[in-house]
>>> print(open('data_22.txt').read())   # compact mmCIF, C-alpha atoms
# COMPACT_ATOMS: atom_id res chain seq x y z
CA MET R 1 -57.49 -79.18 -26.50
CA ILE R 2 -56.89 -79.62 -22.75
CA ARG R 3 -59.83 -78.66 -20.56
CA PHE R 4 -59.40 -77.90 -16.89
CA SER R 5 -62.23 -78.48 -14.46
CA GLU R 6 -62.81 -76.12 -11.54
CA LYS R 7 -61.77 -78.95 -9.20
CA GLN R 8 -58.44 -79.33 -11.00
CA LEU R 9 -57.80 -75.60 -10.81
CA LEU R 10 -58.59 -75.45 -7.11
CA LEU R 11 -56.16 -78.31 -6.49
CA ASP R 12 -53.48 -76.69 -8.64
CA ILE R 13 -53.68 -73.47 -6.65
CA LYS R 14 -52.16 -75.31 -3.71
CA LEU R 15 -49.08 -76.42 -5.65
CA GLN R 16 -45.76 -74.68 -5.11
CA ALA R 17 -43.76 -73.29 -8.00
CA THR R 18 -40.32 -74.84 -8.48
CA PRO R 19 -37.86 -72.47 -6.79
CA SER R 20 -34.87 -71.11 -8.68
CA LEU R 21 -32.75 -67.99 -8.48
CA ASP R 22 -34.02 -66.95 -11.90
CA ASN R 23 -37.69 -66.86 -10.85
CA PHE R 24 -36.96 -65.01 -7.60
CA VAL R 25 -37.95 -61.36 -8.01
CA SER R 26 -34.99 -59.62 -6.38
CA GLY R 27 -36.32 -56.14 -5.59
CA ARG R 28 -33.91 -54.74 -2.98
CA ASN R 29 -32.15 -58.13 -2.77
CA PHE R 30 -30.14 -57.74 -5.97
CA GLU R 31 -26.74 -57.96 -4.25
CA LEU R 32 -27.76 -61.11 -2.36
CA ILE R 33 -28.97 -62.84 -5.53
CA GLN R 34 -25.77 -61.98 -7.39
CA THR R 35 -23.66 -63.24 -4.50
CA LEU R 36 -25.60 -66.53 -4.39
CA LYS R 37 -25.24 -67.00 -8.14
CA ASN R 38 -21.50 -66.37 -7.92
CA MET R 39 -21.22 -68.81 -5.04
CA LEU R 40 -23.08 -71.57 -6.90
CA LEU R 41 -20.88 -71.06 -9.95
CA GLY R 42 -17.70 -71.13 -7.88
CA HIS R 43 -16.90 -67.44 -8.42
CA GLU R 44 -17.26 -66.45 -4.75
CA LYS R 45 -14.53 -67.14 -2.19
CA GLU R 46 -16.89 -67.19 0.82
CA ARG R 47 -18.65 -70.54 1.28
CA PHE R 48 -21.14 -69.59 4.00
CA ILE R 49 -24.18 -67.29 3.91
CA TYR R 50 -26.70 -66.56 6.64
CA VAL R 51 -29.95 -64.92 5.46
CA TRP R 52 -32.66 -63.55 7.70
CA GLY R 53 -36.00 -61.83 7.39
CA ASP R 54 -39.72 -61.99 8.07
CA SER R 55 -41.87 -64.96 7.15
CA GLY R 56 -42.82 -64.92 3.47
CA CYS R 57 -39.87 -62.81 2.31
CA GLY R 58 -38.37 -65.67 0.26
CA LYS R 59 -35.71 -67.25 2.48
CA SER R 60 -36.91 -70.83 1.87
CA HIS R 61 -37.15 -70.14 -1.87
CA LEU R 62 -33.48 -69.12 -1.98
CA LEU R 63 -32.22 -72.10 0.02
CA GLN R 64 -34.27 -74.59 -1.98
CA ALA R 65 -33.13 -72.98 -5.23
CA ALA R 66 -29.47 -73.40 -4.27
CA VAL R 67 -29.92 -77.07 -3.34
CA ARG R 68 -31.92 -77.71 -6.51
CA PHE R 69 -29.14 -76.14 -8.59
CA PHE R 70 -26.63 -78.72 -7.36
CA ILE R 71 -29.00 -81.67 -7.53
CA GLN R 72 -29.85 -80.84 -11.15
CA SER R 73 -26.10 -80.82 -11.83
CA GLY R 74 -25.83 -84.34 -10.45
CA GLU R 75 -24.20 -83.24 -7.20
CA VAL R 76 -25.06 -84.11 -3.58
CA ALA R 77 -26.92 -81.40 -1.64
CA TYR R 78 -29.34 -81.33 1.29
CA TYR R 79 -32.20 -79.03 2.27
CA CYS R 80 -33.17 -79.29 5.95
CA PRO R 81 -36.31 -77.38 7.07
CA GLY R 82 -35.73 -76.54 10.72
CA GLU R 83 -33.85 -79.73 11.52
CA MET R 84 -30.43 -81.34 11.27
CA ASN R 85 -29.73 -84.96 10.42
CA GLN R 86 -26.74 -86.36 12.30
CA LEU R 87 -25.92 -88.41 9.21
CA ILE R 88 -25.00 -85.24 7.35
CA GLN R 89 -21.24 -85.02 7.30
CA LEU R 90 -18.49 -83.88 5.03
CA SER R 91 -17.97 -86.41 2.26
CA ASP R 92 -16.73 -86.57 -1.31
CA GLY R 93 -19.21 -84.88 -3.62
CA LEU R 94 -21.19 -83.06 -0.92
CA CYS R 95 -21.61 -79.59 -2.42
CA CYS R 96 -24.22 -77.84 -0.31
CA VAL R 97 -26.24 -78.06 2.90
CA ALA R 98 -29.08 -75.58 3.49
CA ILE R 99 -30.61 -75.24 6.96
CA ASP R 100 -33.93 -73.38 7.04
CA ASP R 101 -35.45 -71.80 10.19
CA VAL R 102 -32.31 -72.28 12.28
CA GLU R 103 -34.06 -71.00 15.41
CA SER R 104 -36.18 -74.20 15.34
CA LEU R 105 -33.16 -76.45 15.96
CA ASP R 106 -33.07 -78.23 19.32
CA ASN R 107 -29.85 -78.51 21.34
CA GLU R 108 -28.78 -81.75 19.69
CA ALA R 109 -29.37 -80.37 16.20
CA GLN R 110 -27.45 -77.20 17.08
CA LEU R 111 -24.45 -79.35 18.01
CA VAL R 112 -24.69 -81.14 14.67
CA LEU R 113 -24.78 -77.81 12.80
CA PHE R 114 -21.82 -76.54 14.83
CA SER R 115 -19.85 -79.66 13.84
CA VAL R 116 -20.86 -79.40 10.18
CA TYR R 117 -19.83 -75.74 10.08
CA ASN R 118 -16.39 -76.54 11.49
CA GLN R 119 -15.91 -79.39 9.02
CA PHE R 120 -16.93 -77.22 6.07
CA LYS R 121 -14.73 -74.36 7.28
CA GLU R 122 -11.71 -76.61 7.50
CA ALA R 123 -12.30 -78.22 4.09
CA GLY R 124 -13.16 -74.92 2.41
CA SER R 125 -15.13 -76.48 -0.44
CA SER R 126 -18.76 -77.24 0.50
CA ILE R 127 -21.36 -74.47 0.75
CA LEU R 128 -23.42 -73.93 3.90
CA LEU R 129 -26.59 -71.81 3.73
CA VAL R 130 -28.59 -71.00 6.85
CA SER R 131 -31.74 -68.94 7.34
CA GLY R 132 -33.42 -67.44 10.36
CA SER R 133 -35.94 -64.82 11.34
CA LEU R 134 -33.43 -62.60 13.16
CA PRO R 135 -29.84 -61.38 12.74
CA PRO R 136 -27.35 -63.95 14.09
CA MET R 137 -26.52 -62.24 17.37
CA GLN R 138 -30.22 -61.94 18.26
CA LEU R 139 -30.92 -65.67 17.94
CA ASN R 140 -31.69 -67.65 21.10
CA LEU R 141 -29.20 -70.41 20.26
CA ARG R 142 -25.88 -71.70 21.59
CA ARG R 143 -23.46 -68.79 21.77
CA ASP R 144 -20.68 -70.70 19.99
CA LEU R 145 -23.09 -71.49 17.13
CA VAL R 146 -24.33 -67.89 16.95
CA THR R 147 -20.72 -66.73 16.63
CA ARG R 148 -20.18 -69.10 13.71
CA LEU R 149 -23.36 -67.90 11.99
CA ALA R 150 -22.06 -64.32 12.11
CA TRP R 151 -18.65 -65.19 10.65
CA GLY R 152 -19.77 -65.61 7.05
CA LEU R 153 -21.78 -63.32 4.81
CA VAL R 154 -24.98 -62.05 6.44
CA TYR R 155 -27.87 -60.64 4.39
CA GLN R 156 -31.34 -59.46 5.30
CA VAL R 157 -33.91 -60.69 2.77
CA HIS R 158 -36.18 -57.72 2.11
CA GLU R 159 -39.80 -58.43 1.24
CA LEU R 160 -41.00 -56.78 -1.95
CA THR R 161 -43.01 -53.61 -1.54
CA GLU R 162 -46.65 -53.65 -2.62
CA ALA R 163 -45.74 -51.67 -5.74
CA GLU R 164 -43.00 -54.19 -6.61
CA LYS R 165 -45.40 -57.12 -6.15
CA ILE R 166 -48.00 -55.46 -8.40
CA ASP R 167 -45.33 -54.78 -11.02
CA ALA R 168 -44.16 -58.43 -10.89
CA LEU R 169 -47.74 -59.73 -11.19
CA GLN R 170 -48.53 -57.46 -14.13
CA LYS R 171 -45.32 -58.40 -15.95
CA GLN R 172 -46.11 -62.10 -15.49
CA ALA R 173 -49.67 -61.50 -16.72
CA ALA R 174 -48.35 -59.65 -19.79
CA GLU R 175 -46.10 -62.62 -20.60
CA ARG R 176 -49.22 -64.80 -20.52
CA GLY R 177 -51.01 -62.47 -22.89
CA PHE R 178 -53.51 -60.66 -20.66
CA VAL R 179 -53.77 -57.42 -18.72
CA LEU R 180 -54.03 -57.48 -14.93
CA GLU R 181 -55.63 -54.27 -13.70
CA ASN R 182 -54.25 -52.47 -10.64
CA ALA R 183 -57.55 -52.95 -8.79
CA VAL R 184 -57.39 -56.74 -9.30
CA CYS R 185 -53.80 -56.79 -8.02
CA ARG R 186 -54.73 -54.82 -4.92
CA TYR R 187 -57.69 -57.11 -4.20
CA LEU R 188 -55.42 -60.14 -4.53
CA LEU R 189 -52.89 -58.64 -2.11
CA GLN R 190 -55.65 -57.91 0.40
CA HIS R 191 -57.28 -61.36 0.30
CA ALA R 192 -54.48 -63.87 -0.27
CA GLN R 193 -51.09 -64.77 1.12
CA ARG R 194 -48.80 -61.90 0.25
CA ASP R 195 -45.57 -63.76 -0.51
CA LEU R 196 -44.76 -63.64 -4.20
CA SER R 197 -44.60 -67.41 -4.66
CA SER R 198 -48.19 -67.83 -3.44
CA LEU R 199 -49.36 -64.86 -5.51
CA MET R 200 -47.87 -66.33 -8.68
CA ILE R 201 -49.54 -69.67 -8.04
CA ILE R 202 -52.91 -67.91 -7.73
CA LEU R 203 -52.19 -65.87 -10.85
CA ASP R 204 -51.58 -69.08 -12.79
CA ALA R 205 -54.81 -70.60 -11.51
CA LEU R 206 -56.70 -67.36 -12.24
CA ASP R 207 -55.45 -67.37 -15.83
CA ARG R 208 -56.81 -70.88 -16.43
CA PHE R 209 -59.96 -70.19 -14.38
CA SER R 210 -60.79 -67.35 -16.75
CA LEU R 211 -60.30 -69.66 -19.73
CA VAL R 212 -62.65 -72.28 -18.22
CA HIS R 213 -65.37 -69.65 -17.70
CA GLN R 214 -64.40 -67.67 -20.82
CA ARG R 215 -64.50 -64.44 -18.85
CA HIS R 216 -62.11 -61.53 -18.53
CA ILE R 217 -60.11 -61.37 -15.31
CA THR R 218 -61.98 -59.11 -12.94
CA ILE R 219 -62.38 -58.76 -9.18
CA PRO R 220 -65.64 -60.83 -9.17
CA LEU R 221 -63.89 -63.66 -11.03
CA LEU R 222 -60.91 -63.52 -8.65
CA ARG R 223 -63.29 -63.48 -5.68
CA LYS R 224 -65.05 -66.58 -7.01
CA LEU R 225 -61.73 -68.42 -7.33
CA LEU R 226 -60.54 -67.45 -3.86
CA ASN R 227 -63.86 -68.26 -2.19
CA ASN R 228 -63.97 -71.73 -3.75
CA ARG R 229 -60.46 -72.76 -2.74
>>> encode(input="data_22.txt", output="structure tokens")
Amino acid sequence: MIRFSEKQLLLDIKLQATPSLDNFVSGRNFELIQTLKNMLLGHEKERFIYVWGDSGCGKSHLLQAAVRFFIQSGEVAYYCPGEMNQLIQLSDGLCCVAIDDVESLDNEAQLVLFSVYNQFKEAGSSILLVSGSLPPMQLNLRRDLVTRLAWGLVYQVHELTEAEKIDALQKQAAERGFVLENAVCRYLLQHAQRDLSSLMIILDALDRFSLVHQRHITIPLLRKLLNNR
């Protein structure tokens, strides 16, 4: 029997779940998820997608999931969080480049992205995924780059509603064999990071925390876990 100490649980709560398209709760983003899946499987003609939305809506999850898909298939893919490496260039076997937080790119990095886009466009094989906080034409970037960002598919990533997050948490809890009351869900949403990835990490830690203390999951138990993080 494996026993978890409180210290282990509090460390585990900081870990990030491995992103994939299958563990992304789509909500109003169903069309985007289907388009991404088709693109990764080679069933989509368009090779460029720009996604935008508020912080915590899942943009990074989607980009990392796409890159992970290719890496797990033995292909070459890059995930770049708010930066561009000048060494990235079109080469045999390069399947995907994902640029997160495009508005963070400096002038030099914007030039690199502009060049990579043109190379990918000409070759027509590699996938380019870019995310930002605003629609393309509202970004404070080079105008020629902004134009390129608007040429492909553009999707807003909609954050889940509170009801959708509660439903997702309760379904995950049911799969683990316990009931998560509405009041506990609401307390969690009020006192923790509200993005679904963070909520699921806490749910996992809460499940094991309750086993360590051999107590039902209640608001006092959740409060104890959150206060001791």
>>> residues_around(input="data_22.txt", residues="Gln190 in chain R", least_positions_apart="3", cutoff="12 Å", atoms="all atoms listed in the file", output="list in words")
Glu162, Ile166, Ala183, Val184, Cys185, Arg186, Tyr187, Gln193, Arg194, Asp195, Leu199, Ile219, Leu222, Arg223 and Leu226 of chain R
>>> residues_around(input="data_22.txt", residues="Leu221 in chain R", least_positions_apart="4", cutoff="9 Å", atoms="all atoms listed in the file", output="list of chain:residue names")
R:Leu206, R:Phe209, R:Ser210, R:Arg215, R:His216, R:Ile217, R:Leu225, R:Leu226
>>> residues_around(input="data_22.txt", residues="Val76 in chain R", least_positions_apart="2", cutoff="7 Å", atoms="all atoms listed in the file", output="ChimeraX atom specification")
/R:70-71,74,93-95
>>> write_last_selection(input="data_22.txt", atoms="C-alpha atoms", output="PDB file, in the coordinates of the input")
ATOM      1  CA  PHE R  70     -26.630 -78.720  -7.360  1.00  0.00           C
ATOM      2  CA  ILE R  71     -29.000 -81.670  -7.530  1.00  0.00           C
ATOM      3  CA  GLY R  74     -25.830 -84.340 -10.450  1.00  0.00           C
ATOM      4  CA  GLY R  93     -19.210 -84.880  -3.620  1.00  0.00           C
ATOM      5  CA  LEU R  94     -21.190 -83.060  -0.920  1.00  0.00           C
ATOM      6  CA  CYS R  95     -21.610 -79.590  -2.420  1.00  0.00           C
TER       7      CYS R  95
END
>>> residues_around(input="data_22.txt", residues="Thr161 in chain R", least_positions_apart="6", cutoff="12 Å", atoms="only C-alpha atoms", output="PDB file with C-alpha atoms, in the frame of the given file")
ATOM      1  CA  VAL R  25     -37.950 -61.360  -8.010  1.00  0.00           C
ATOM      2  CA  SER R  26     -34.990 -59.620  -6.380  1.00  0.00           C
ATOM      3  CA  GLY R  27     -36.320 -56.140  -5.590  1.00  0.00           C
ATOM      4  CA  ARG R  28     -33.910 -54.740  -2.980  1.00  0.00           C
ATOM      5  CA  ASN R  29     -32.150 -58.130  -2.770  1.00  0.00           C
ATOM      6  CA  CYS R  57     -39.870 -62.810   2.310  1.00  0.00           C
ATOM      7  CA  ASP R 167     -45.330 -54.780 -11.020  1.00  0.00           C
ATOM      8  CA  ALA R 168     -44.160 -58.430 -10.890  1.00  0.00           C
ATOM      9  CA  LEU R 189     -52.890 -58.640  -2.110  1.00  0.00           C
ATOM     10  CA  ARG R 194     -48.800 -61.900   0.250  1.00  0.00           C
ATOM     11  CA  ASP R 195     -45.570 -63.760  -0.510  1.00  0.00           C
ATOM     12  CA  LEU R 196     -44.760 -63.640  -4.200  1.00  0.00           C
TER      13      LEU R 196
END
>>> closest_residue(input="data_22.txt", among="R:Gln72, R:Gln138, R:Asn85, R:Ser60", to="Ser115 in chain R", atoms="only C-alpha atoms")
R:Asn85
>>> atom_distance(input="data_22.txt", atom1="CA of Leu40 in chain R", atom2="CA of Met84 in chain R")
21.9 Å
>>> residues_around(input="data_22.txt", residues="Ala65 in chain R", least_positions_apart="4", cutoff="12 Å", atoms="only C-alpha atoms", output="PyMOL selection string")
chain R and resi 17-24+33+36-37+40+58-61+69-72+77-79+96-98+129
>>> write_last_selection(input="data_22.txt", atoms="C-alpha atoms", output="PDB file, in the coordinates of the input")
ATOM      1  CA  ALA R  17     -43.760 -73.290  -8.000  1.00  0.00           C
ATOM      2  CA  THR R  18     -40.320 -74.840  -8.480  1.00  0.00           C
ATOM      3  CA  PRO R  19     -37.860 -72.470  -6.790  1.00  0.00           C
ATOM      4  CA  SER R  20     -34.870 -71.110  -8.680  1.00  0.00           C
ATOM      5  CA  LEU R  21     -32.750 -67.990  -8.480  1.00  0.00           C
ATOM      6  CA  ASP R  22     -34.020 -66.950 -11.900  1.00  0.00           C
ATOM      7  CA  ASN R  23     -37.690 -66.860 -10.850  1.00  0.00           C
ATOM      8  CA  PHE R  24     -36.960 -65.010  -7.600  1.00  0.00           C
ATOM      9  CA  ILE R  33     -28.970 -62.840  -5.530  1.00  0.00           C
ATOM     10  CA  LEU R  36     -25.600 -66.530  -4.390  1.00  0.00           C
ATOM     11  CA  LYS R  37     -25.240 -67.000  -8.140  1.00  0.00           C
ATOM     12  CA  LEU R  40     -23.080 -71.570  -6.900  1.00  0.00           C
ATOM     13  CA  GLY R  58     -38.370 -65.670   0.260  1.00  0.00           C
ATOM     14  CA  LYS R  59     -35.710 -67.250   2.480  1.00  0.00           C
ATOM     15  CA  SER R  60     -36.910 -70.830   1.870  1.00  0.00           C
ATOM     16  CA  HIS R  61     -37.150 -70.140  -1.870  1.00  0.00           C
ATOM     17  CA  PHE R  69     -29.140 -76.140  -8.590  1.00  0.00           C
ATOM     18  CA  PHE R  70     -26.630 -78.720  -7.360  1.00  0.00           C
ATOM     19  CA  ILE R  71     -29.000 -81.670  -7.530  1.00  0.00           C
ATOM     20  CA  GLN R  72     -29.850 -80.840 -11.150  1.00  0.00           C
ATOM     21  CA  ALA R  77     -26.920 -81.400  -1.640  1.00  0.00           C
ATOM     22  CA  TYR R  78     -29.340 -81.330   1.290  1.00  0.00           C
ATOM     23  CA  TYR R  79     -32.200 -79.030   2.270  1.00  0.00           C
ATOM     24  CA  CYS R  96     -24.220 -77.840  -0.310  1.00  0.00           C
ATOM     25  CA  VAL R  97     -26.240 -78.060   2.900  1.00  0.00           C
ATOM     26  CA  ALA R  98     -29.080 -75.580   3.490  1.00  0.00           C
ATOM     27  CA  LEU R 129     -26.590 -71.810   3.730  1.00  0.00           C
TER      28      LEU R 129
END
>>> atom_distance(input="data_22.txt", atom1="CA of Gly177 in chain R", atom2="CA of Gly56 in chain R")
27.7 Å
>>> atom_distance(input="data_22.txt", atom1="CA of Phe48 in chain R", atom2="CA of Val130 in chain R")
8.1 Å
>>> build_atoms(input="data_22.txt", residues="range 205-225 of chain R", atoms="N, CA, C and O atoms", output="PDB file, in the coordinates of the input")
ATOM      1  N   ALA R 205     -53.486 -70.006 -11.599  1.00  0.00           N
ATOM      2  CA  ALA R 205     -54.810 -70.600 -11.510  1.00  0.00           C
ATOM      3  C   ALA R 205     -55.880 -69.658 -12.044  1.00  0.00           C
ATOM      4  O   ALA R 205     -56.837 -70.081 -12.705  1.00  0.00           O
ATOM      5  N   LEU R 206     -55.730 -68.357 -11.772  1.00  0.00           N
ATOM      6  CA  LEU R 206     -56.700 -67.360 -12.240  1.00  0.00           C
ATOM      7  C   LEU R 206     -56.709 -67.296 -13.762  1.00  0.00           C
ATOM      8  O   LEU R 206     -57.784 -67.169 -14.384  1.00  0.00           O
ATOM      9  N   ASP R 207     -55.547 -67.385 -14.368  1.00  0.00           N
ATOM     10  CA  ASP R 207     -55.450 -67.370 -15.830  1.00  0.00           C
ATOM     11  C   ASP R 207     -56.266 -68.518 -16.427  1.00  0.00           C
ATOM     12  O   ASP R 207     -57.086 -68.321 -17.335  1.00  0.00           O
ATOM     13  N   ARG R 208     -56.081 -69.721 -15.898  1.00  0.00           N
ATOM     14  CA  ARG R 208     -56.810 -70.880 -16.430  1.00  0.00           C
ATOM     15  C   ARG R 208     -58.281 -70.853 -16.031  1.00  0.00           C
ATOM     16  O   ARG R 208     -59.144 -71.301 -16.778  1.00  0.00           O
ATOM     17  N   PHE R 209     -58.571 -70.313 -14.846  1.00  0.00           N
ATOM     18  CA  PHE R 209     -59.960 -70.190 -14.380  1.00  0.00           C
ATOM     19  C   PHE R 209     -60.754 -69.307 -15.340  1.00  0.00           C
ATOM     20  O   PHE R 209     -61.916 -69.577 -15.654  1.00  0.00           O
ATOM     21  N   SER R 210     -60.112 -68.247 -15.811  1.00  0.00           N
ATOM     22  CA  SER R 210     -60.790 -67.350 -16.750  1.00  0.00           C
ATOM     23  C   SER R 210     -61.037 -68.038 -18.090  1.00  0.00           C
ATOM     24  O   SER R 210     -62.045 -67.771 -18.759  1.00  0.00           O
ATOM     25  N   LEU R 211     -60.122 -68.928 -18.479  1.00  0.00           N
ATOM     26  CA  LEU R 211     -60.300 -69.660 -19.730  1.00  0.00           C
ATOM     27  C   LEU R 211     -61.456 -70.659 -19.602  1.00  0.00           C
ATOM     28  O   LEU R 211     -62.250 -70.826 -20.535  1.00  0.00           O
ATOM     29  N   VAL R 212     -61.555 -71.321 -18.451  1.00  0.00           N
ATOM     30  CA  VAL R 212     -62.650 -72.280 -18.220  1.00  0.00           C
ATOM     31  C   VAL R 212     -63.995 -71.580 -18.325  1.00  0.00           C
ATOM     32  O   VAL R 212     -64.929 -72.078 -18.954  1.00  0.00           O
ATOM     33  N   HIS R 213     -64.093 -70.377 -17.708  1.00  0.00           N
ATOM     34  CA  HIS R 213     -65.370 -69.650 -17.700  1.00  0.00           C
ATOM     35  C   HIS R 213     -65.498 -68.690 -18.878  1.00  0.00           C
ATOM     36  O   HIS R 213     -66.557 -68.067 -19.031  1.00  0.00           O
ATOM     37  N   GLN R 214     -64.416 -68.580 -19.670  1.00  0.00           N
ATOM     38  CA  GLN R 214     -64.400 -67.670 -20.820  1.00  0.00           C
ATOM     39  C   GLN R 214     -64.851 -66.264 -20.419  1.00  0.00           C
ATOM     40  O   GLN R 214     -65.727 -65.659 -21.047  1.00  0.00           O
ATOM     41  N   ARG R 215     -64.215 -65.780 -19.364  1.00  0.00           N
ATOM     42  CA  ARG R 215     -64.500 -64.440 -18.850  1.00  0.00           C
ATOM     43  C   ARG R 215     -63.186 -63.686 -18.679  1.00  0.00           C
ATOM     44  O   ARG R 215     -62.130 -64.280 -18.416  1.00  0.00           O
ATOM     45  N   HIS R 216     -63.274 -62.361 -18.804  1.00  0.00           N
ATOM     46  CA  HIS R 216     -62.110 -61.530 -18.530  1.00  0.00           C
ATOM     47  C   HIS R 216     -61.781 -61.598 -17.040  1.00  0.00           C
ATOM     48  O   HIS R 216     -62.662 -61.865 -16.203  1.00  0.00           O
ATOM     49  N   ILE R 217     -60.525 -61.344 -16.717  1.00  0.00           N
ATOM     50  CA  ILE R 217     -60.110 -61.370 -15.310  1.00  0.00           C
ATOM     51  C   ILE R 217     -60.541 -60.080 -14.637  1.00  0.00           C
ATOM     52  O   ILE R 217     -60.079 -58.983 -14.976  1.00  0.00           O
ATOM     53  N   THR R 218     -61.442 -60.232 -13.689  1.00  0.00           N
ATOM     54  CA  THR R 218     -61.980 -59.110 -12.940  1.00  0.00           C
ATOM     55  C   THR R 218     -61.977 -59.468 -11.455  1.00  0.00           C
ATOM     56  O   THR R 218     -61.712 -60.611 -11.079  1.00  0.00           O
ATOM     57  N   ILE R 219     -62.308 -58.493 -10.620  1.00  0.00           N
ATOM     58  CA  ILE R 219     -62.380 -58.760  -9.180  1.00  0.00           C
ATOM     59  C   ILE R 219     -63.443 -59.815  -8.865  1.00  0.00           C
ATOM     60  O   ILE R 219     -63.186 -60.727  -8.066  1.00  0.00           O
ATOM     61  N   PRO R 220     -64.654 -59.767  -9.450  1.00  0.00           N
ATOM     62  CA  PRO R 220     -65.640 -60.830  -9.170  1.00  0.00           C
ATOM     63  C   PRO R 220     -65.133 -62.225  -9.537  1.00  0.00           C
ATOM     64  O   PRO R 220     -65.385 -63.198  -8.803  1.00  0.00           O
ATOM     65  N   LEU R 221     -64.416 -62.347 -10.642  1.00  0.00           N
ATOM     66  CA  LEU R 221     -63.890 -63.660 -11.030  1.00  0.00           C
ATOM     67  C   LEU R 221     -62.815 -64.109 -10.044  1.00  0.00           C
ATOM     68  O   LEU R 221     -62.780 -65.276  -9.634  1.00  0.00           O
ATOM     69  N   LEU R 222     -61.934 -63.196  -9.640  1.00  0.00           N
ATOM     70  CA  LEU R 222     -60.910 -63.520  -8.650  1.00  0.00           C
ATOM     71  C   LEU R 222     -61.554 -63.912  -7.329  1.00  0.00           C
ATOM     72  O   LEU R 222     -61.127 -64.864  -6.672  1.00  0.00           O
ATOM     73  N   ARG R 223     -62.593 -63.155  -6.929  1.00  0.00           N
ATOM     74  CA  ARG R 223     -63.290 -63.480  -5.680  1.00  0.00           C
ATOM     75  C   ARG R 223     -63.895 -64.877  -5.719  1.00  0.00           C
ATOM     76  O   ARG R 223     -63.813 -65.637  -4.741  1.00  0.00           O
ATOM     77  N   LYS R 224     -64.463 -65.252  -6.857  1.00  0.00           N
ATOM     78  CA  LYS R 224     -65.050 -66.580  -7.010  1.00  0.00           C
ATOM     79  C   LYS R 224     -63.985 -67.665  -6.841  1.00  0.00           C
ATOM     80  O   LYS R 224     -64.210 -68.673  -6.161  1.00  0.00           O
ATOM     81  N   LEU R 225     -62.817 -67.442  -7.443  1.00  0.00           N
ATOM     82  CA  LEU R 225     -61.730 -68.420  -7.330  1.00  0.00           C
ATOM     83  C   LEU R 225     -61.263 -68.547  -5.890  1.00  0.00           C
ATOM     84  O   LEU R 225     -61.123 -69.658  -5.367  1.00  0.00           O
TER      85      LEU R 225
END
